[in-house]
file start_27.txt (compact mmCIF, C-alpha atoms)
# COMPACT_ATOMS: atom_id res chain seq x y z
CA VAL W 17 13.02 -2.72 -13.38
CA ALA W 18 16.32 -4.33 -14.41
CA GLY W 19 15.66 -3.36 -18.04
CA VAL W 20 14.94 0.24 -17.06
CA CYS W 21 18.19 0.28 -15.06
CA CYS W 22 20.06 -0.84 -18.18
CA LYS W 23 18.61 2.23 -19.90
CA LEU W 24 20.07 4.33 -17.08
CA MET W 25 23.56 3.01 -17.80
CA ASN W 26 23.16 3.89 -21.48
CA THR W 27 21.98 7.42 -20.70
CA LEU W 28 24.88 7.99 -18.32
CA TYR W 29 27.39 6.71 -20.88
CA PHE W 30 26.02 8.86 -23.72
CA LYS W 31 25.25 11.79 -21.37
CA ASP W 32 21.67 11.89 -22.64
CA ASP W 33 20.04 14.19 -20.10
CA LEU W 34 16.63 14.23 -21.83
CA THR W 35 16.29 10.46 -21.67
CA MET W 36 17.49 10.50 -18.06
CA TYR W 37 14.97 13.03 -16.77
CA PHE W 38 12.00 12.46 -19.07
CA VAL W 39 12.15 8.72 -19.81
CA TYR W 40 14.10 6.85 -17.14
CA ILE W 41 12.76 8.72 -14.08
CA PRO W 42 9.05 8.66 -15.15
CA GLU W 43 9.35 4.95 -15.98
CA MET W 44 10.82 4.18 -12.55
CA ILE W 45 8.14 6.28 -10.82
CA PHE W 46 5.33 4.55 -12.72
CA ILE W 47 6.45 0.98 -12.13
CA ASN W 48 7.42 1.47 -8.48
CA SER W 49 4.38 3.52 -7.48
CA ILE W 50 2.11 0.59 -8.41
CA PHE W 51 4.04 -2.64 -8.75
CA GLY W 52 6.91 -1.73 -6.46
CA TYR W 53 4.24 -0.89 -3.90
CA LEU W 54 2.76 -4.36 -4.38
CA VAL W 55 6.18 -5.93 -3.77
CA LEU W 56 6.48 -3.86 -0.59
CA LEU W 57 3.08 -5.15 0.60
CA ILE W 58 4.20 -8.72 -0.13
CA LEU W 59 7.34 -8.30 1.99
CA ILE W 60 5.43 -6.66 4.84
CA LYS W 61 2.77 -9.39 4.78
CA TRP W 62 5.41 -12.13 4.83
CA THR W 63 7.30 -10.59 7.74
CA THR W 64 4.28 -9.68 9.90
CA ASN W 65 3.25 -11.96 12.75
CA TRP W 66 -0.51 -11.90 12.18
CA ASP W 67 -1.15 -13.71 15.46
CA THR W 68 -0.39 -10.39 17.19
CA MET W 69 -2.49 -8.09 14.98
CA PHE W 70 -5.91 -6.94 16.19
CA ILE W 71 -8.60 -4.41 15.23
CA LEU W 72 -9.39 -1.96 18.03
CA ASN W 73 -12.85 -0.37 18.02
CA ASN W 74 -13.10 -0.94 14.24
CA GLU W 75 -10.81 2.07 13.74
CA GLN W 76 -7.18 1.05 14.03
CA VAL W 77 -4.84 -1.90 13.81
CA VAL W 78 -2.88 -2.61 16.99
CA SER W 79 -0.17 -5.13 17.80
CA ILE W 80 -0.50 -7.08 21.04
CA PRO W 81 2.46 -9.48 21.30
CA GLN W 82 1.59 -10.88 24.75
CA ARG W 83 -1.65 -12.86 24.91
CA TYR W 84 -3.32 -13.97 28.11
CA CYS W 85 -5.63 -16.70 29.18
CA MET W 86 -8.97 -15.65 30.58
CA PHE W 87 -8.83 -17.36 33.94
CA SER W 88 -6.69 -18.04 36.97
CA ASP W 89 -6.92 -20.50 39.83
CA ASP W 90 -9.80 -18.55 41.34
CA HIS W 91 -11.42 -17.94 37.91
CA LYS W 92 -11.64 -14.22 38.61
CA ALA W 93 -8.62 -12.70 36.92
CA ILE W 94 -6.32 -13.16 33.92
CA THR W 95 -3.08 -15.09 33.76
CA ASN W 96 -0.31 -15.45 31.21
CA LEU W 97 -0.56 -19.24 31.18
CA PRO W 98 -1.44 -20.74 27.78
CA CYS W 99 -5.14 -21.52 27.49
CA TRP W 100 -4.51 -25.22 27.07
CA THR W 101 -2.97 -25.28 30.53
CA PRO W 102 -5.48 -26.76 33.03
CA PRO W 103 -7.89 -25.70 34.33
CA PHE W 104 -9.15 -24.84 30.81
CA GLU W 105 -12.50 -23.05 31.00
CA TYR W 106 -14.27 -22.57 27.66
CA ASP W 107 -17.67 -21.41 28.98
CA ARG W 108 -17.80 -17.89 30.32
CA ALA W 109 -20.93 -18.75 32.27
CA HIS W 110 -18.70 -20.79 34.56
CA VAL W 111 -16.45 -17.80 35.20
CA ALA W 112 -17.89 -15.05 37.36
CA GLY W 113 -16.90 -12.43 39.85
CA GLY W 114 -14.06 -9.92 40.07
CA PHE W 115 -12.54 -9.01 36.71
CA TRP W 116 -15.34 -10.50 34.61
CA ASP W 117 -18.24 -8.74 36.32
CA ARG W 118 -16.92 -5.45 34.92
CA LEU W 119 -16.73 -6.62 31.30
CA PRO W 120 -19.52 -7.03 28.72
CA GLU W 121 -20.53 -10.48 27.52
CA HIS W 122 -18.99 -10.14 24.04
CA MET W 123 -15.47 -9.92 25.53
CA TRP W 124 -14.71 -13.63 25.43
CA CYS W 125 -12.49 -15.21 22.80
CA MET W 126 -13.20 -18.87 23.44
CA LYS W 127 -15.36 -20.73 20.94
CA GLY W 128 -16.69 -24.15 21.82
CA GLU W 129 -14.36 -26.54 23.62
CA THR W 130 -11.33 -25.83 21.44
CA PRO W 131 -8.27 -24.55 23.37
CA THR W 132 -6.73 -21.40 21.90
CA ALA W 133 -3.32 -19.75 22.09
CA GLY W 134 -4.76 -17.18 24.46
CA CYS W 135 -6.83 -14.03 24.35
CA ALA W 136 -5.55 -10.53 23.73
CA VAL W 137 -6.04 -7.98 26.50
CA MET W 138 -5.44 -4.26 26.00
CA GLU W 139 -5.65 -1.24 28.25
CA TRP W 140 -6.96 1.66 26.17
CA GLY W 141 -8.00 5.24 26.75
CA SER W 142 -6.79 8.35 28.52
CA LYS W 143 -5.39 8.46 32.04
CA ASP W 144 -8.73 9.42 33.55
CA ALA W 145 -10.82 6.92 31.59
CA LYS W 146 -8.86 3.75 30.90
CA ARG W 147 -10.68 0.72 29.53
CA MET W 148 -9.59 -2.89 29.87
CA ILE W 149 -10.63 -4.44 26.55
CA VAL W 150 -10.53 -8.20 26.00
CA GLU W 151 -10.52 -9.92 22.61
CA SER W 152 -13.87 -11.01 21.17
CA ASN W 153 -14.38 -14.06 18.98
CA VAL W 154 -15.96 -12.96 15.67
CA PHE W 155 -16.12 -16.41 14.10
CA GLY W 156 -19.75 -16.83 13.05
CA ASP W 157 -20.79 -13.66 14.86
CA ASN W 158 -19.74 -10.26 13.50
CA THR W 159 -21.72 -8.15 15.96
CA VAL W 160 -18.64 -6.35 17.27
CA GLN W 161 -17.64 -5.48 13.69
CA ASN W 162 -20.52 -3.02 13.41
CA LEU W 163 -18.86 0.23 12.30
CA GLU W 164 -21.61 2.45 13.69
CA THR W 165 -21.94 0.92 17.16
CA PHE W 166 -18.49 -0.26 18.19
CA THR W 167 -16.37 2.86 17.75
CA GLY W 168 -13.73 4.73 19.71
CA ASP W 169 -16.10 7.56 20.66
CA ASN W 170 -18.75 5.15 21.90
CA CYS W 171 -16.12 3.14 23.76
CA LYS W 172 -15.05 6.25 25.70
CA ASN W 173 -18.59 6.62 27.02
CA ASP W 174 -19.51 2.97 27.58
CA ILE W 175 -17.32 -0.15 27.75
CA ASN W 176 -20.15 -2.16 26.21
CA PHE W 177 -19.30 -0.51 22.89
CA CYS W 178 -15.57 -1.36 22.99
CA SER W 179 -14.27 -4.10 20.71
CA LEU W 180 -11.05 -5.95 20.02
CA TRP W 181 -10.92 -8.71 17.44
CA LYS W 182 -8.25 -10.57 15.52
CA GLN W 183 -7.18 -9.32 12.10
CA SER W 184 -6.82 -11.88 9.32
CA PRO W 185 -4.01 -11.45 6.76
CA PRO W 186 -5.47 -9.26 3.95
CA SER W 187 -5.57 -10.52 0.36
CA LEU W 188 -2.91 -8.79 -1.74
CA LEU W 189 -4.89 -9.37 -4.95
CA ASP W 190 -7.88 -7.58 -3.47
CA SER W 191 -5.62 -4.82 -2.15
CA LEU W 192 -4.22 -4.09 -5.63
CA ILE W 193 -7.60 -4.24 -7.37
CA LYS W 194 -9.38 -2.07 -4.80
CA MET W 195 -6.49 0.40 -4.91
CA PHE W 196 -8.05 1.58 -8.20
CA MET W 197 -11.68 0.58 -7.68
CA GLU W 198 -12.06 2.24 -4.26
CA ILE W 199 -9.49 5.04 -4.38
CA GLY W 200 -8.46 6.30 -0.97
CA PHE W 201 -10.57 3.81 0.99
CA VAL W 202 -9.05 0.79 2.72
CA PRO W 203 -11.23 -0.96 5.34
CA VAL W 204 -9.39 -1.19 8.64
CA GLU W 205 -9.44 -5.01 8.55
CA ASN W 206 -7.64 -4.94 5.17
CA GLN W 207 -4.90 -2.53 6.20
CA ILE W 208 -1.36 -3.83 6.01
CA ILE W 209 0.35 -0.54 6.88
CA ALA W 210 -0.90 2.53 8.71
CA GLY W 211 -2.30 5.32 6.51
CA GLN W 212 -2.61 2.95 3.56
CA GLY W 213 -5.55 4.78 1.96
CA GLY W 214 -3.78 8.14 1.77
CA LEU W 215 -0.56 6.52 0.58
CA GLN W 216 -2.39 4.79 -2.27
CA VAL W 217 -3.97 8.08 -3.39
CA PHE W 218 -0.51 9.65 -3.55
CA LEU W 219 0.96 6.69 -5.47
CA ILE W 220 -1.90 6.70 -8.01
CA PHE W 221 -1.44 10.43 -8.50
CA ILE W 222 2.30 10.27 -9.22
CA ALA W 223 1.77 7.24 -11.49
CA PHE W 224 -0.85 9.20 -13.42
CA VAL W 225 1.44 12.25 -13.69
CA SER W 226 4.40 10.14 -14.85
CA VAL W 227 2.58 9.03 -18.04
CA PRO W 228 2.26 12.50 -19.69
CA THR W 229 5.75 13.28 -18.35
CA LEU W 230 7.01 10.26 -20.25
CA LEU W 231 5.05 11.17 -23.37
CA PHE W 232 5.39 14.91 -24.05
CA PRO W 233 8.55 16.64 -22.70
CA LYS W 234 11.23 14.77 -24.66
CA PRO W 235 9.78 15.42 -28.19
CA LEU W 236 8.98 19.05 -27.29
CA LEU W 237 12.46 19.70 -25.91
CA LEU W 238 14.09 18.03 -28.92
CA LYS W 239 12.01 20.31 -31.15
CA LYS W 240 13.09 23.32 -29.12
CA ARG W 241 16.75 22.28 -29.36
CA HIS W 242 16.44 21.81 -33.11
CA GLU W 243 14.86 25.24 -33.55
CA ALA W 244 17.58 26.85 -31.44
CA THR W 245 20.24 25.13 -33.53
CA GLN W 246 18.61 26.30 -36.75
CA HIS W 247 18.32 29.84 -35.41
CA GLN W 248 22.00 29.87 -34.46
CA GLN W 249 22.94 28.42 -37.84
CA LEU W 250 21.01 31.13 -39.72
CA HIS W 251 22.67 33.78 -37.55
CA ASP W 252 26.11 32.38 -38.37
CA ASP W 253 25.23 32.18 -42.08
CA HIS W 254 24.10 35.79 -42.09
CA ASP W 255 27.44 36.92 -40.66
CA SER W 256 29.52 34.90 -43.09
CA ASP W 257 30.83 36.28 -46.35
CA ASP W 258 29.40 33.43 -48.42
CA GLY W 259 25.78 33.32 -47.13
CA ALA W 260 24.35 30.96 -49.75
CA HIS W 261 27.07 28.31 -49.28
CA GLY W 262 26.94 28.70 -45.51
CA GLY W 263 23.18 28.10 -45.38
CA GLY W 264 23.32 25.02 -47.57
CA GLY W 265 26.24 23.50 -45.69
CA GLY W 266 24.58 24.08 -42.30
CA HIS W 267 21.33 22.42 -43.38
CA GLY W 268 23.09 19.33 -44.61
CA GLY W 269 25.34 19.12 -41.53
CA HIS W 270 22.54 19.07 -38.94
CA GLY W 271 20.12 16.85 -40.83
CA GLU W 272 16.35 16.81 -40.76
CA PHE W 273 14.20 16.76 -37.61
CA GLU W 274 10.61 15.55 -37.88
CA PHE W 275 8.63 16.49 -34.80
CA GLY W 276 5.67 14.32 -35.84
CA GLU W 277 7.90 11.27 -36.26
CA GLU W 278 9.57 11.85 -32.89
CA MET W 279 6.15 12.33 -31.21
CA VAL W 280 4.78 9.11 -32.71
CA HIS W 281 7.90 7.22 -31.62
CA GLN W 282 7.57 8.50 -28.06
CA MET W 283 3.85 7.73 -28.03
CA ILE W 284 4.46 4.15 -29.12
CA HIS W 285 7.17 3.76 -26.48
CA THR W 286 4.89 5.12 -23.73
CA ILE W 287 1.96 2.89 -24.67
CA GLU W 288 4.19 -0.18 -24.92
CA TYR W 289 5.77 0.51 -21.55
CA VAL W 290 2.54 1.17 -19.64
CA LEU W 291 0.61 -1.73 -21.17
CA GLY W 292 3.64 -4.01 -20.82
CA CYS W 293 3.88 -3.28 -17.09
CA ILE W 294 0.17 -3.93 -16.58
CA SER W 295 0.05 -7.03 -18.79
CA ASN W 296 3.09 -8.73 -17.28
CA THR W 297 1.98 -8.01 -13.74
CA ALA W 298 -1.55 -9.26 -14.47
CA SER W 299 -0.06 -12.51 -15.82
CA TYR W 300 2.03 -13.01 -12.67
CA LEU W 301 -0.95 -12.27 -10.43
CA ARG W 302 -3.12 -14.72 -12.37
CA LEU W 303 -0.53 -17.48 -11.99
CA TRP W 304 -0.15 -16.57 -8.33
CA ALA W 305 -3.90 -16.78 -7.77
CA LEU W 306 -4.05 -20.20 -9.43
CA SER W 307 -1.03 -21.60 -7.58

call {"tool": "encode", "arguments": {"input": "start_27.txt", "output": "structure tokens"}}
result
Amino acid sequence: VAGVCCKLMNTLYFKDDLTMYFVYIPEMIFINSIFGYLVLLILIKWTTNWDTMFILNNEQVVSIPQRYCMFSDDHKAITNLPCWTPPFEYDRAHVAGGFWDRLPEHMWCMKGETPTAGCAVMEWGSKDAKRMIVESNVFGDNTVQNLETFTGDNCKNDINFCSLWKQSPPSLLDSLIKMFMEIGFVPVENQIIAGQGGLQVFLIFIAFVSVPTLLFPKPLLLKKRHEATQHQQLHDDHDSDDGAHGGGGGHGGHGEFEFGEEMVHQMIHTIEYVLGCISNTASYLRLWALS
């Protein structure tokens, strides 16, 4: 990106509008729509507190900053005490009555006798049909991750089909690869930002459009400029008294323009730029994966 920005300074200094609009801008769009997007995902992943991110009904990512323990002194309600605060109860069979009698068995985040930081609790639904959903533990049991059973529509009708489970930080390498392998589809558990699938379709589209924009317009417009200059030169020569001398002098003054040579030059530049971006980024990602 720094090298492309140096090109911008040159185009501004020489007032080269063709290079500005049909080289610099397409190059910036191409590199930022793919690799700039990856950098954005890196920053978002680093700055997100993944302990607060959960998957609700296998359809959306929600943030629940306050987590609760699953018991109180009478073992019938929830409390905001950390789960390692006594009395720690890891077996739901020992907790009955009140709050728990209204919840399905899968709503229990404890696993074994290991204390946790607490369980997420979320009130979800419309005013007339609110559901109290408690985090489920999906370690070793992915029942609540069934995309056909545990959905928002089913949850509205029956609390037994509601689910809330913790989201793990998605792999950025997989996100970039699947951006092209599974265009427009990002599983909810791999989402880093809302609407990620649609955003990636848009970014791929503008990256694809930027390549022919980088390749064709500049040589074609240079050809058009050259033809306009020649046409104006012939018009001036026709109006001059010494037509033969005028034509010869004009031809020598403006020099030769080879459209084929200009097209090949632009083609080489486009291929080098696109492959260079992909190759360098692939090298960084490979080192990152091995580190």

call {"tool": "atom_distance", "arguments": {"input": "start_27.txt", "atom1": "CA of Val204 (chain W)", "atom2": "CA of Thr165 (chain W)"}}
result
15.3 Å

call {"tool": "residues_around", "arguments": {"input": "start_27.txt", "residues": "His122 (chain W)", "least_positions_apart": "6", "cutoff": "9 Å", "atoms": "all atoms listed in the file", "output": "PyMOL selection string"}}
result
chain W and resi 150-153+159-160+176+179

call {"tool": "closest_residue", "arguments": {"input": "start_27.txt", "among": "W:Gly292, W:Leu34, W:Lys182, W:Lys146", "to": "Ile80 (chain W)", "atoms": "all atoms listed in the file"}}
result
W:Lys182

call {"tool": "closest_residue", "arguments": {"input": "start_27.txt", "among": "W:Gly156, W:Pro186, W:Gly19, W:Gly141", "to": "Leu57 (chain W)", "atoms": "only C-alpha atoms"}}
result
W:Pro186

call {"tool": "atom_distance", "arguments": {"input": "start_27.txt", "atom1": "CA of Gly214 (chain W)", "atom2": "CA of Met197 (chain W)"}}
result
14.5 Å

call {"tool": "atom_distance", "arguments": {"input": "start_27.txt", "atom1": "CA of Pro81 (chain W)", "atom2": "CA of Phe155 (chain W)"}}
result
21.1 Å

call {"tool": "residues_around", "arguments": {"input": "start_27.txt", "residues": "Lys240 (chain W)", "least_positions_apart": "5", "cutoff": "12 Å", "atoms": "all atoms listed in the file", "output": "mmCIF file with C-alpha atoms, in the frame of the given file"}}
result
data_model
loop_
_atom_site.group_PDB
_atom_site.id
_atom_site.type_symbol
_atom_site.label_atom_id
_atom_site.label_comp_id
_atom_site.auth_asym_id
_atom_site.auth_seq_id
_atom_site.Cartn_x
_atom_site.Cartn_y
_atom_site.Cartn_z
ATOM 1 C CA PRO W 233 8.550 16.640 -22.700
ATOM 2 C CA LYS W 234 11.230 14.770 -24.660
ATOM 3 C CA PRO W 235 9.780 15.420 -28.190
ATOM 4 C CA THR W 245 20.240 25.130 -33.530
ATOM 5 C CA GLN W 246 18.610 26.300 -36.750
ATOM 6 C CA HIS W 247 18.320 29.840 -35.410
ATOM 7 C CA PHE W 273 14.200 16.760 -37.610
ATOM 8 C CA GLU W 274 10.610 15.550 -37.880
ATOM 9 C CA PHE W 275 8.630 16.490 -34.800
#

call {"tool": "closest_residue", "arguments": {"input": "start_27.txt", "among": "W:Thr64, W:Asn74, W:Glu272, W:Pro42", "to": "Thr286 (chain W)", "atoms": "all atoms listed in the file"}}
result
W:Pro42

call {"tool": "closest_residue", "arguments": {"input": "start_27.txt", "among": "W:Trp124, W:Trp66, W:Phe166, W:Tyr289", "to": "Ser184 (chain W)", "atoms": "only C-alpha atoms"}}
result
W:Trp66

call {"tool": "closest_residue", "arguments": {"input": "start_27.txt", "among": "W:Val154, W:Leu219, W:Leu231, W:Leu189", "to": "Ile58 (chain W)", "atoms": "only C-alpha atoms"}}
result
W:Leu189

call {"tool": "closest_residue", "arguments": {"input": "start_27.txt", "among": "W:Ile175, W:Ile60, W:Val280, W:Val227", "to": "Ala210 (chain W)", "atoms": "all atoms listed in the file"}}
result
W:Ile60

call {"tool": "residues_around", "arguments": {"input": "start_27.txt", "residues": "Cys178 (chain W)", "least_positions_apart": "3", "cutoff": "8 Å", "atoms": "all atoms listed in the file", "output": "ChimeraX atom specification"}}
result
/W:72-73,149,166-168,170-171,174-175

call {"tool": "residues_around", "arguments": {"input": "start_27.txt", "residues": "Gly211 (chain W)", "least_positions_apart": "2", "cutoff": "12 Å", "atoms": "all atoms listed in the file", "output": "list in words"}}
result
Glu75, Gln76, Val77, Gly200, Phe201, Val202, Pro203, Val204, Asn206, Gln207, Ile208, Ile209, Gly213, Gly214, Leu215, Gln216, Val217 and Phe218 of chain W
